[in-house]
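The structure appears below as structure tokens.
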Amino acid sequence: MNIIKRAKAPTPKFFRMLRNIGLLIAAIGGTLVAAPIALPVVITAVGGYLAVAGGVLTAVSQLTTFEEAFP
């Protein structure tokens with residue numbers, strides 16, 4: 001199964017929930033990084049880590065399918 005078919009295939013309910021949580025985490029991280037006020041460096045760094053972690057969680061969850069990899 002190539003990556004396009006895998007992304008379009010149905011996603012199990014648990015991984016849809018994880019995908020949405022990942023989107024939320026990425027949005028919070030992006031908000032912290034792009035805040036219009038000066039934030040401490042630690043908070044900006046945590047925002048970057050949250051954005052990356054949320055993106056990875058979202059991508060992995062989206063590519064999980066019902067089909068078995070090895071028939």
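By convention here, the chains of the structure tokens are called A, B, ... in the order presented, each chain's residues are numbered starting at 1, and ligands are numbered starting at 1 in the order presented.
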
Do a neighbour search on Leu24 of chain A at 10 Å with only C-alpha atoms, toss out local chain neighbours closer than 2 positions, and write the hits as a PyMOL selection string.
chain A and resi 18-22+26-30+50-51+54-55+58

Can you list, as a PDB file with N, CA and C atoms, in the first residue's frame, all residues belonging to chain A that DSSP tags as helix (DSSP H, G or I)?
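Listing of out.pdb after writing:
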ATOM      1  N   ILE A   3       1.711   5.476   0.077  1.00  0.00           N
ATOM      2  CA  ILE A   3       1.378   6.486   1.086  1.00  0.00           C
ATOM      3  C   ILE A   3       0.067   7.206   0.771  1.00  0.00           C
ATOM      4  N   ILE A   4      -0.263   7.398  -0.505  1.00  0.00           N
ATOM      5  CA  ILE A   4      -1.503   8.088  -0.882  1.00  0.00           C
ATOM      6  C   ILE A   4      -2.716   7.238  -0.499  1.00  0.00           C
ATOM      7  N   LYS A   5      -2.676   5.946  -0.842  1.00  0.00           N
ATOM      8  CA  LYS A   5      -3.788   5.055  -0.496  1.00  0.00           C
ATOM      9  C   LYS A   5      -3.924   4.935   1.020  1.00  0.00           C
ATOM     10  N   ARG A   6      -2.792   4.906   1.699  1.00  0.00           N
ATOM     11  CA  ARG A   6      -2.807   4.762   3.148  1.00  0.00           C
ATOM     12  C   ARG A   6      -3.436   5.992   3.803  1.00  0.00           C
ATOM     13  N   ALA A   7      -3.137   7.177   3.289  1.00  0.00           N
ATOM     14  CA  ALA A   7      -3.697   8.401   3.863  1.00  0.00           C
ATOM     15  C   ALA A   7      -5.198   8.512   3.598  1.00  0.00           C
ATOM     16  N   LYS A   8      -5.656   7.950   2.483  1.00  0.00           N
ATOM     17  CA  LYS A   8      -7.073   8.025   2.133  1.00  0.00           C
ATOM     18  C   LYS A   8      -7.902   6.901   2.755  1.00  0.00           C
ATOM     19  N   LYS A  13     -11.271   4.554  15.063  1.00  0.00           N
ATOM     20  CA  LYS A  13     -11.802   5.603  15.936  1.00  0.00           C
ATOM     21  C   LYS A  13     -10.759   6.091  16.941  1.00  0.00           C
ATOM     22  N   PHE A  14     -10.011   5.183  17.551  1.00  0.00           N
ATOM     23  CA  PHE A  14      -8.997   5.565  18.533  1.00  0.00           C
ATOM     24  C   PHE A  14      -7.955   6.498  17.917  1.00  0.00           C
ATOM     25  N   PHE A  15      -7.522   6.181  16.704  1.00  0.00           N
ATOM     26  CA  PHE A  15      -6.495   6.998  16.068  1.00  0.00           C
ATOM     27  C   PHE A  15      -7.059   8.316  15.537  1.00  0.00           C
ATOM     28  N   ARG A  16      -8.358   8.366  15.227  1.00  0.00           N
ATOM     29  CA  ARG A  16      -8.981   9.649  14.890  1.00  0.00           C
ATOM     30  C   ARG A  16      -8.976  10.563  16.107  1.00  0.00           C
ATOM     31  N   MET A  17      -9.228   9.987  17.283  1.00  0.00           N
ATOM     32  CA  MET A  17      -9.186  10.765  18.514  1.00  0.00           C
ATOM     33  C   MET A  17      -7.760  11.266  18.774  1.00  0.00           C
ATOM     34  N   LEU A  18      -6.773  10.387  18.608  1.00  0.00           N
ATOM     35  CA  LEU A  18      -5.377  10.792  18.781  1.00  0.00           C
ATOM     36  C   LEU A  18      -4.973  11.864  17.778  1.00  0.00           C
ATOM     37  N   ARG A  19      -5.453  11.752  16.539  1.00  0.00           N
ATOM     38  CA  ARG A  19      -5.161  12.749  15.508  1.00  0.00           C
ATOM     39  C   ARG A  19      -5.675  14.116  15.940  1.00  0.00           C
ATOM     40  N   ASN A  20      -6.897  14.155  16.461  1.00  0.00           N
ATOM     41  CA  ASN A  20      -7.462  15.427  16.903  1.00  0.00           C
ATOM     42  C   ASN A  20      -6.699  16.006  18.095  1.00  0.00           C
ATOM     43  N   ILE A  21      -6.270  15.145  18.996  1.00  0.00           N
ATOM     44  CA  ILE A  21      -5.460  15.603  20.125  1.00  0.00           C
ATOM     45  C   ILE A  21      -4.129  16.151  19.618  1.00  0.00           C
ATOM     46  N   GLY A  22      -3.537  15.481  18.640  1.00  0.00           N
ATOM     47  CA  GLY A  22      -2.291  15.959  18.049  1.00  0.00           C
ATOM     48  C   GLY A  22      -2.457  17.316  17.388  1.00  0.00           C
ATOM     49  N   LEU A  23      -3.580  17.519  16.705  1.00  0.00           N
ATOM     50  CA  LEU A  23      -3.846  18.829  16.100  1.00  0.00           C
ATOM     51  C   LEU A  23      -3.973  19.908  17.168  1.00  0.00           C
ATOM     52  N   LEU A  24      -4.620  19.570  18.272  1.00  0.00           N
ATOM     53  CA  LEU A  24      -4.765  20.522  19.370  1.00  0.00           C
ATOM     54  C   LEU A  24      -3.406  20.874  19.979  1.00  0.00           C
ATOM     55  N   ILE A  25      -2.573  19.873  20.197  1.00  0.00           N
ATOM     56  CA  ILE A  25      -1.238  20.101  20.763  1.00  0.00           C
ATOM     57  C   ILE A  25      -0.403  20.962  19.812  1.00  0.00           C
ATOM     58  N   ALA A  26      -0.468  20.672  18.521  1.00  0.00           N
ATOM     59  CA  ALA A  26       0.279  21.456  17.540  1.00  0.00           C
ATOM     60  C   ALA A  26      -0.217  22.903  17.500  1.00  0.00           C
ATOM     61  N   ALA A  27      -1.519  23.093  17.624  1.00  0.00           N
ATOM     62  CA  ALA A  27      -2.068  24.448  17.617  1.00  0.00           C
ATOM     63  C   ALA A  27      -1.621  25.230  18.853  1.00  0.00           C
ATOM     64  N   ILE A  28      -1.612  24.588  20.002  1.00  0.00           N
ATOM     65  CA  ILE A  28      -1.148  25.254  21.224  1.00  0.00           C
ATOM     66  C   ILE A  28       0.330  25.624  21.093  1.00  0.00           C
ATOM     67  N   GLY A  29       1.119  24.691  20.582  1.00  0.00           N
ATOM     68  CA  GLY A  29       2.549  24.969  20.393  1.00  0.00           C
ATOM     69  C   GLY A  29       2.788  26.100  19.409  1.00  0.00           C
ATOM     70  N   GLY A  30       2.040  26.101  18.306  1.00  0.00           N
ATOM     71  CA  GLY A  30       2.181  27.178  17.326  1.00  0.00           C
ATOM     72  C   GLY A  30       1.779  28.520  17.899  1.00  0.00           C
ATOM     73  N   THR A  31       0.765  28.533  18.747  1.00  0.00           N
ATOM     74  CA  THR A  31       0.338  29.773  19.391  1.00  0.00           C
ATOM     75  C   THR A  31       1.416  30.302  20.331  1.00  0.00           C
ATOM     76  N   LEU A  32       2.050  29.409  21.064  1.00  0.00           N
ATOM     77  CA  LEU A  32       3.116  29.844  21.970  1.00  0.00           C
ATOM     78  C   LEU A  32       4.313  30.386  21.203  1.00  0.00           C
ATOM     79  N   VAL A  33       4.648  29.757  20.094  1.00  0.00           N
ATOM     80  CA  VAL A  33       5.805  30.194  19.316  1.00  0.00           C
ATOM     81  C   VAL A  33       5.526  31.536  18.639  1.00  0.00           C
ATOM     82  N   VAL A  41      12.106  32.540  27.070  1.00  0.00           N
ATOM     83  CA  VAL A  41      12.694  31.586  26.124  1.00  0.00           C
ATOM     84  C   VAL A  41      12.227  30.168  26.413  1.00  0.00           C
ATOM     85  N   VAL A  42      12.057  29.822  27.665  1.00  0.00           N
ATOM     86  CA  VAL A  42      11.632  28.463  28.034  1.00  0.00           C
ATOM     87  C   VAL A  42      10.245  28.168  27.457  1.00  0.00           C
ATOM     88  N   ILE A  43       9.335  29.126  27.562  1.00  0.00           N
ATOM     89  CA  ILE A  43       7.977  28.914  27.057  1.00  0.00           C
ATOM     90  C   ILE A  43       7.986  28.806  25.537  1.00  0.00           C
ATOM     91  N   THR A  44       8.807  29.610  24.875  1.00  0.00           N
ATOM     92  CA  THR A  44       8.914  29.531  23.420  1.00  0.00           C
ATOM     93  C   THR A  44       9.496  28.180  22.993  1.00  0.00           C
ATOM     94  N   ALA A  45      10.485  27.699  23.733  1.00  0.00           N
ATOM     95  CA  ALA A  45      11.081  26.400  23.412  1.00  0.00           C
ATOM     96  C   ALA A  45      10.060  25.281  23.612  1.00  0.00           C
ATOM     97  N   VAL A  46       9.302  25.341  24.692  1.00  0.00           N
ATOM     98  CA  VAL A  46       8.269  24.330  24.938  1.00  0.00           C
ATOM     99  C   VAL A  46       7.226  24.376  23.825  1.00  0.00           C
ATOM    100  N   GLY A  47       6.885  25.576  23.361  1.00  0.00           N
ATOM    101  CA  GLY A  47       5.948  25.710  22.255  1.00  0.00           C
ATOM    102  C   GLY A  47       6.452  25.033  20.996  1.00  0.00           C
ATOM    103  N   GLY A  48       7.727  25.149  20.712  1.00  0.00           N
ATOM    104  CA  GLY A  48       8.313  24.471  19.560  1.00  0.00           C
ATOM    105  C   GLY A  48       8.240  22.967  19.680  1.00  0.00           C
ATOM    106  N   TYR A  49       8.550  22.479  20.867  1.00  0.00           N
ATOM    107  CA  TYR A  49       8.473  21.036  21.095  1.00  0.00           C
ATOM    108  C   TYR A  49       7.035  20.522  20.977  1.00  0.00           C
ATOM    109  N   LEU A  50       6.085  21.301  21.489  1.00  0.00           N
ATOM    110  CA  LEU A  50       4.683  20.903  21.377  1.00  0.00           C
ATOM    111  C   LEU A  50       4.234  20.864  19.921  1.00  0.00           C
ATOM    112  N   ALA A  51       4.667  21.834  19.146  1.00  0.00           N
ATOM    113  CA  ALA A  51       4.285  21.869  17.735  1.00  0.00           C
ATOM    114  C   ALA A  51       4.826  20.643  16.989  1.00  0.00           C
ATOM    115  N   VAL A  52       6.066  20.290  17.253  1.00  0.00           N
ATOM    116  CA  VAL A  52       6.661  19.113  16.601  1.00  0.00           C
ATOM    117  C   VAL A  52       5.974  17.827  17.060  1.00  0.00           C
ATOM    118  N   ALA A  53       5.772  17.695  18.361  1.00  0.00           N
ATOM    119  CA  ALA A  53       5.134  16.485  18.893  1.00  0.00           C
ATOM    120  C   ALA A  53       3.710  16.343  18.364  1.00  0.00           C
ATOM    121  N   GLY A  54       2.973  17.426  18.301  1.00  0.00           N
ATOM    122  CA  GLY A  54       1.615  17.387  17.774  1.00  0.00           C
ATOM    123  C   GLY A  54       1.591  17.025  16.297  1.00  0.00           C
ATOM    124  N   GLY A  55       2.538  17.546  15.538  1.00  0.00           N
ATOM    125  CA  GLY A  55       2.618  17.211  14.116  1.00  0.00           C
ATOM    126  C   GLY A  55       2.929  15.741  13.886  1.00  0.00           C
ATOM    127  N   VAL A  56       3.850  15.211  14.651  1.00  0.00           N
ATOM    128  CA  VAL A  56       4.200  13.791  14.522  1.00  0.00           C
ATOM    129  C   VAL A  56       3.028  12.907  14.923  1.00  0.00           C
ATOM    130  N   LEU A  57       2.378  13.231  16.029  1.00  0.00           N
ATOM    131  CA  LEU A  57       1.230  12.451  16.490  1.00  0.00           C
ATOM    132  C   LEU A  57       0.111  12.472  15.450  1.00  0.00           C
ATOM    133  N   THR A  58      -0.129  13.626  14.869  1.00  0.00           N
ATOM    134  CA  THR A  58      -1.166  13.748  13.847  1.00  0.00           C
ATOM    135  C   THR A  58      -0.828  12.925  12.616  1.00  0.00           C
ATOM    136  N   ALA A  59       0.411  13.012  12.149  1.00  0.00           N
ATOM    137  CA  ALA A  59       0.808  12.289  10.939  1.00  0.00           C
ATOM    138  C   ALA A  59       0.742  10.775  11.144  1.00  0.00           C
ATOM    139  N   VAL A  60       1.243  10.293  12.250  1.00  0.00           N
ATOM    140  CA  VAL A  60       1.228   8.851  12.518  1.00  0.00           C
ATOM    141  C   VAL A  60      -0.199   8.346  12.665  1.00  0.00           C
ATOM    142  N   SER A  61      -1.032   9.106  13.351  1.00  0.00           N
ATOM    143  CA  SER A  61      -2.421   8.689  13.548  1.00  0.00           C
ATOM    144  C   SER A  61      -3.201   8.682  12.245  1.00  0.00           C
ATOM    145  N   GLN A  62      -2.921   9.640  11.356  1.00  0.00           N
ATOM    146  CA  GLN A  62      -3.632   9.697  10.086  1.00  0.00           C
ATOM    147  C   GLN A  62      -3.263   8.520   9.190  1.00  0.00           C
TER     148      GLN A  62
END
